[in-house]
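Visitor: Sending over a structure as structure tokens; questions will come in a sec.
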2 protein chains.
Amino acid sequence: MLEQVLQTIEAGRQQSLAGLTQLLSIPSVSAKPEHKPDMQRCAQWLAAQFAHAGLDAQVMPTAGHPMVLAKNQHQAGRATVLLYGHYDVQPVEPLDQWTTPPFAPTIRNGAIYARGAADDKGQVWAHIQAIAAWHAHGGLPVNITALIEGEEEIGSENLETFVRQHQDDLHADIAVISDTNQFAKGIPAITYGLRGLVYMEVKLTGADHDLHSGLYGGVAPNPANELCKLLATLHEHHGRVNIPGFYDAVEPVTPPERGEWSKLPFDEKALLAELNAPALSGEAGYTAIEREWARPTLDINGLTSGYQGPGAKTIIPATASAKVSMRLVPHQDPLKIREAFTQTLQDRCPKNIKLEITCHSHCGPVLVPRAGRAMQLATEAVETGFAAKPTLMRGGGSIPVVSLIKSVLGIDTLLVGCGLPDDRVHSPNEKFDLEALHSGTRTVAVLYQKLAQLKG
Amino acid sequence: MLEQVLQTIEAGRQQSLAGLTQLLSIPSVSAKPEHKPDMQRCAQWLAAQFAHAGLDAQVMPTAGHPMVLAKNQHQAGRATVLLYGHYDVQPVEPLDQWTTPPFAPTIRNGAIYARGAADDKGQVWAHIQAIAAWHAHGGLPVNITALIEGEEEIGSENLETFVRQHQDDLHADIAVISDTNQFAKGIPAITYGLRGLVYMEVKLTGADHDLHSGLYGGVAPNPANELCKLLATLHEHHGRVNIPGFYDAVEPVTPPERGEWSKLPFDEKALLAELNAPALSGEAGYTAIEREWARPTLDINGLTSGYQGPGAKTIIPATASAKVSMRLVPHQDPLKIREAFTQTLQDRCPKNIKLEITCHSHCGPVLVPRAGRAMQLATEAVETGFAAKPTLMRGGGSIPVVSLIKSVLGIDTLLVGCGLPDDRVHSPNEKFDLEALHSGTRTVAVLYQKLAQLKG
């Protein structure tokens, strides 16, 4: 039967691409209120596709953007798979850096270019295509519950409530998420570790209105000056984060991992060319792979203050603010890190400046057991799908739902993603490789068959 | 004769106010292209008033808005005064914060409310009224050349060219500008010092596009992190600017100045209430007045980087930039300071970050000799005009034309202004005190007589 399913996938490649183009044309930017109707439209479109693939699908409201929930007819005694993905995408700014418009999907160089192409619409689409192919041959060999969220890019604010409310509905033996990368083109991978995230906003206020910098310079507090000083204290030399207690719970990179990772074909020159930057950056004493996969960071994601137009305006700004996020590694606790960050800024902020700190989101780091049965089955599926043995790797990003699934539903997650490291997710000119789409669709089709072995 | 001139001014108060109301009704906003016809109309209106006051007046085109140039019949052997002012005004936004419309001049609480009331139309008008009063009694006792500009609020782009082209025409013994303030209501002042300005923009670039902060955090250079670190190095503890050589040419505050200034009725509580801030700021070891008038500063005027919208976007920004300006005091050289600033940032910027520095504008600080004959005459004029001894003060702002007049025409400028510190220039509800208008008109009428003593 698998052979026929894979043939159906092979025969449907053009049709698959046409469907993905439709999906990528919907500007489902969860962060922007003006896209609320697009979010609804995207959820409806996906539900229709799941229905077309033989599942009972519904669009379910939340306090924010809706969820798409789809299931086949569950049969007792069969393994149950929880598929999680998201249909929302990052904002597209800066728009002028896109070669083609972000919601006019365009194929060039063997890839499809659009916002959300790899993150995560293309990968969700691979699953829908695989499920549809099984549907053409009698249906999936497992019970499936697919939960496709619309708020992943804005912190999944309503996900935990939803998962807790539908705990019974979502019960499964294993979860599958395709929102990660291959190690490189031609080197497929399964991800067993992810970093956590704490995303903060820091706002400093001096006077309650902008002031003439001549008449008040040297007299009135300048929150932009103070913001820079304050944020500059958050790193030591050599790239270490300078927040008391920050490294207390960090698990050191083990010698076996170091050994494995050092053998991976990491191409620093190619990375520098991709970034168009003269040199890499980061904490001293660790390789680039170690820094991305196993070391925590603190990055300023945005700065806003005063006059930002062309030319000059001689003001002391009333306010200055920054978006600051930290990536966490096992076993840092996001709540403790948030507290340490807040306390540190409060301690260091001068008293003539008003300091406001808010948290936009937080999630814990993840480590999936490498030795389990599910991991073995996934490895076999990737090997068939990509015709290459997968690398076991970690990732520098965060998928908050993984720790949520573990803590609320008690199950592990297989991270079987097929993006490429140069897909420019969250950046202008995001793309998804067409070979990755095809091999990824094959892989997850095989994976559903393999995971049937978890029962019986 | 002076007595009769002052009686004419006294008798003409209502008429003066009616004229000023007309002038303030013309929306001469130089920054807005749609006001180009209003600029022309305002210049024509002023030229007609100068002609009415007995001067030969013409509206002279520039590459931007026109100049008004007016002269009486110059007589050999008489002192020549160059009067500079400007008829253009700041934009009026935010419009909803005006109690009465900005170009519908309204009298309340003993003041006239309108955009440009104090800055600088009301003060130019005082001169025109004084000249007209002298005209009614045989004409001014000095040669006058009045140059009223239409681009002061947008950087005086065409002024230097105009002054150089008309150098002979503008030759004078002394310049007079009324575009400064009294120290406080009832405490008239002559300003003898102004700060200079160097306004820079600093742009840092890491990768050539925004990056996912998970996938690249700890690996790619972050220009926002580096911008904060770099700008934080520009101040030492206690508010001193940390640029090598920055203070080399700074003239210390002299003990006599310290003594004088410490006796001025500076009201810190009122200033804090105006700012709605908990405490003032600035360099340790100096009073607020000393810091504003006689100490240089470095202020960030704007910060721009990465994501500035609502919520979270997990990116490492491609670029981060800042507007940074420095107020200079005698005898700092703006070109040397610009060079030191640039060199310092180049030295301190890490090599994996691209640094671009541009200069938006620069002008030198001003110190008018306090002991000179002209200053003595101006002091006597204010004393008669306001019936109060003037305070000799400095200002924290910059009036670039003063150093232009010094460098091109070789003459000093008397800054005899009659605004009040709470006139809200550049802000909604700008006003000009009616007593200041009257006393200011008297003062400049006396000043023209006094300055005749510079010759013969």
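We name chains A, B, ... following the order of the structure tokens; residues begin at 1 in each chain, and ligands are numbered from 1 as shown.
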Taking only C-alpha atoms into account and nothing else, which residues of chain A lie no more than 6 Å away from chain B? Please answer as JSON, numbers by chain.

Guide: {"A": [207, 208, 214, 215, 218, 219, 220, 221, 224, 225, 228, 229, 232, 275, 276, 277, 278, 279, 280, 281, 282, 288, 291, 292, 297, 300, 301, 302, 303, 304, 305, 306, 307, 308, 315, 316, 352, 396, 397, 426, 427]}

Visitor: Using only C-alpha atoms, determine which residues lie at most 12 Å from B:Arg115, disregarding the query and same-chain residues fewer than 5 positions distant; provide the list as a ChimeraX atom specification.

Guide: /B:20-21,23-29,87-93,95,98-106,120-122,423-432

Visitor: Save out the residues we just selected, N, CA and C atoms, as a compact mmCIF listing (two decimals), in the first residue's frame.

Guide:
# COMPACT_ATOMS: atom_id res chain seq x y z
N LEU B 20 0.36 92.91 14.21
CA LEU B 20 0.92 91.59 14.54
C LEU B 20 -0.10 90.49 14.28
N THR B 21 -1.38 90.81 14.57
CA THR B 21 -2.43 89.82 14.31
C THR B 21 -2.48 89.46 12.83
N LEU B 23 0.05 89.63 10.73
CA LEU B 23 1.26 88.85 10.41
C LEU B 23 1.13 87.39 10.87
N LEU B 24 0.55 87.24 12.07
CA LEU B 24 0.42 85.88 12.62
C LEU B 24 -0.68 85.07 11.94
N SER B 25 -1.52 85.74 11.16
CA SER B 25 -2.59 85.03 10.45
C SER B 25 -2.09 84.35 9.18
N ILE B 26 -0.88 84.71 8.75
CA ILE B 26 -0.34 84.10 7.53
C ILE B 26 0.39 82.80 7.89
N PRO B 27 -0.08 81.67 7.39
CA PRO B 27 0.51 80.37 7.79
C PRO B 27 1.83 80.10 7.06
N SER B 28 2.88 80.78 7.45
CA SER B 28 4.17 80.69 6.75
C SER B 28 5.01 79.53 7.29
N VAL B 29 4.53 78.33 7.07
CA VAL B 29 5.22 77.11 7.52
C VAL B 29 6.22 76.70 6.44
N TYR B 87 10.77 84.97 9.25
CA TYR B 87 9.30 85.03 9.18
C TYR B 87 8.68 83.66 9.02
N ASP B 88 9.52 82.64 8.86
CA ASP B 88 8.93 81.30 8.74
C ASP B 88 8.69 80.74 10.15
N VAL B 89 7.75 79.79 10.23
CA VAL B 89 7.37 79.20 11.53
C VAL B 89 7.44 77.68 11.46
N GLN B 90 7.45 77.06 12.62
CA GLN B 90 7.43 75.60 12.73
C GLN B 90 6.07 75.05 12.29
N PRO B 91 6.04 73.79 11.87
CA PRO B 91 4.73 73.13 11.65
C PRO B 91 3.89 73.18 12.93
N VAL B 92 2.58 73.01 12.77
CA VAL B 92 1.68 73.22 13.92
C VAL B 92 1.24 71.92 14.59
N GLU B 93 1.53 70.79 13.97
CA GLU B 93 1.10 69.52 14.53
C GLU B 93 1.70 69.30 15.92
N LEU B 95 -2.25 69.30 15.86
CA LEU B 95 -3.23 70.39 15.77
C LEU B 95 -4.28 70.32 16.88
N TRP B 98 -4.04 72.41 20.22
CA TRP B 98 -4.16 73.87 20.28
C TRP B 98 -5.52 74.25 20.86
N THR B 99 -5.51 75.17 21.82
CA THR B 99 -6.77 75.66 22.40
C THR B 99 -7.53 76.50 21.38
N THR B 100 -6.80 77.36 20.66
CA THR B 100 -7.39 78.12 19.54
C THR B 100 -6.51 77.85 18.32
N PRO B 101 -7.08 77.96 17.10
CA PRO B 101 -6.32 77.57 15.91
C PRO B 101 -5.01 78.37 15.79
N PRO B 102 -3.94 77.73 15.31
CA PRO B 102 -2.61 78.34 15.31
C PRO B 102 -2.49 79.58 14.43
N PHE B 103 -3.38 79.72 13.44
CA PHE B 103 -3.28 80.90 12.59
C PHE B 103 -4.50 81.81 12.73
N ALA B 104 -5.19 81.65 13.87
CA ALA B 104 -6.26 82.58 14.25
C ALA B 104 -5.81 83.22 15.57
N PRO B 105 -4.92 84.22 15.49
CA PRO B 105 -4.32 84.78 16.72
C PRO B 105 -5.40 85.22 17.71
N THR B 106 -5.20 84.83 18.98
CA THR B 106 -6.20 85.07 20.01
C THR B 106 -5.51 85.63 21.24
N ASP B 120 9.36 83.73 15.18
CA ASP B 120 10.09 84.89 15.63
C ASP B 120 9.31 86.14 15.21
N LYS B 121 8.04 85.94 14.76
CA LYS B 121 7.30 87.05 14.16
C LYS B 121 7.07 88.20 15.14
N GLY B 122 6.69 87.87 16.37
CA GLY B 122 6.42 88.92 17.35
C GLY B 122 7.64 89.79 17.60
N ASP B 423 6.98 80.20 26.59
CA ASP B 423 6.24 80.60 25.39
C ASP B 423 5.87 79.41 24.49
N ARG B 424 6.37 78.23 24.83
CA ARG B 424 6.06 77.00 24.08
C ARG B 424 6.38 77.12 22.59
N VAL B 425 7.56 77.68 22.29
CA VAL B 425 7.97 77.73 20.89
C VAL B 425 8.16 76.30 20.39
N HIS B 426 7.79 76.05 19.16
CA HIS B 426 7.83 74.72 18.51
C HIS B 426 6.75 73.79 19.05
N SER B 427 5.96 74.21 20.01
CA SER B 427 4.93 73.35 20.61
C SER B 427 3.54 73.95 20.36
N PRO B 428 2.49 73.17 20.63
CA PRO B 428 1.14 73.74 20.54
C PRO B 428 0.98 74.90 21.54
N ASN B 429 0.05 75.82 21.21
CA ASN B 429 -0.26 76.95 22.08
C ASN B 429 0.93 77.88 22.30
N GLU B 430 1.71 78.08 21.24
CA GLU B 430 2.77 79.09 21.32
C GLU B 430 2.12 80.45 21.60
N LYS B 431 2.81 81.27 22.38
CA LYS B 431 2.27 82.58 22.73
C LYS B 431 3.39 83.62 22.75
N PHE B 432 2.98 84.87 22.83
CA PHE B 432 3.93 85.97 23.03
C PHE B 432 3.26 86.95 23.98

Visitor: Any idea what the distance is between atom CA of B:Glu383 and atom CA of B:Val142?

Guide: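 Between these atoms lies a distance of 20.1 Å.
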
Visitor: Report, to one decimal in Å, the C-alpha RMSD of chain B against chain A after an in-order least-squares superposition over all those atoms.

Guide: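 The C-alpha RMSD comes out at 2.3 Å.
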
Visitor: What residues in stretch 30-192 of chain B get the DSSP label strand (DSSP E)? Please answer as JSON, numbers by chain.

Guide: {"B": [56, 57, 58, 59, 60, 67, 68, 69, 70, 71, 80, 81, 82, 83, 84, 85, 86, 106, 107, 108, 111, 112, 113, 143, 144, 145, 146, 147, 148, 149, 174, 175, 176, 177, 189, 190, 191, 192]}

Visitor: So, counting only C-alpha atoms, which residue among A:Thr145, A:Thr344, A:Asn181, A:Thr441 is closest to A:Ala57?

Guide: A:Thr145

Visitor: What's around B:Ser156 at 9 Å? Count only C-alpha atoms, leave out sequence neighbours fewer than 6 positions away in its own chain, and write the answer as a PyMOL selection string.

Guide: chain B and resi 149-150+400-401

Visitor: For those residues, write N, CA and C atoms to a file as an mmCIF file, in the first residue's frame.

Guide:
data_model
loop_
_atom_site.group_PDB
_atom_site.id
_atom_site.type_symbol
_atom_site.label_atom_id
_atom_site.label_comp_id
_atom_site.auth_asym_id
_atom_site.auth_seq_id
_atom_site.Cartn_x
_atom_site.Cartn_y
_atom_site.Cartn_z
ATOM 1 N N GLU B 149 14.619 86.190 7.101
ATOM 2 C CA GLU B 149 14.753 84.941 6.365
ATOM 3 C C GLU B 149 13.469 84.112 6.422
ATOM 4 N N GLY B 150 13.288 83.236 5.435
ATOM 5 C CA GLY B 150 12.116 82.362 5.412
ATOM 6 C C GLY B 150 12.446 80.884 5.555
ATOM 7 N N PRO B 400 22.617 79.213 14.396
ATOM 8 C CA PRO B 400 23.759 79.089 13.474
ATOM 9 C C PRO B 400 24.116 80.392 12.769
ATOM 10 N N VAL B 401 23.119 81.278 12.538
ATOM 11 C CA VAL B 401 23.401 82.497 11.784
ATOM 12 C C VAL B 401 24.405 83.383 12.520
#

Visitor: Just the number, please: distance in Å from atom CA of A:Leu451 to atom CA of A:Asp173, one decimal.

Guide: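 Going from atom CA of A:Leu451 over to atom CA of A:Asp173, I get 9.3 Å.
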
Visitor: Find the residues around B:Pro61 up to 10 Å (only C-alpha atoms counted), leave out those fewer than 6 positions away in its own chain, and share them as a CSV table (one decimal) with C-alpha atoms, in the first residue's frame.

Guide:
chain,number,residue,atom,x,y,z
B,40,GLN,CA,5.6,84.5,-0.7
B,67,MET,CA,14.5,86.8,1.8
B,68,VAL,CA,13.2,90.2,2.8
B,162,PHE,CA,22.9,84.7,0.1
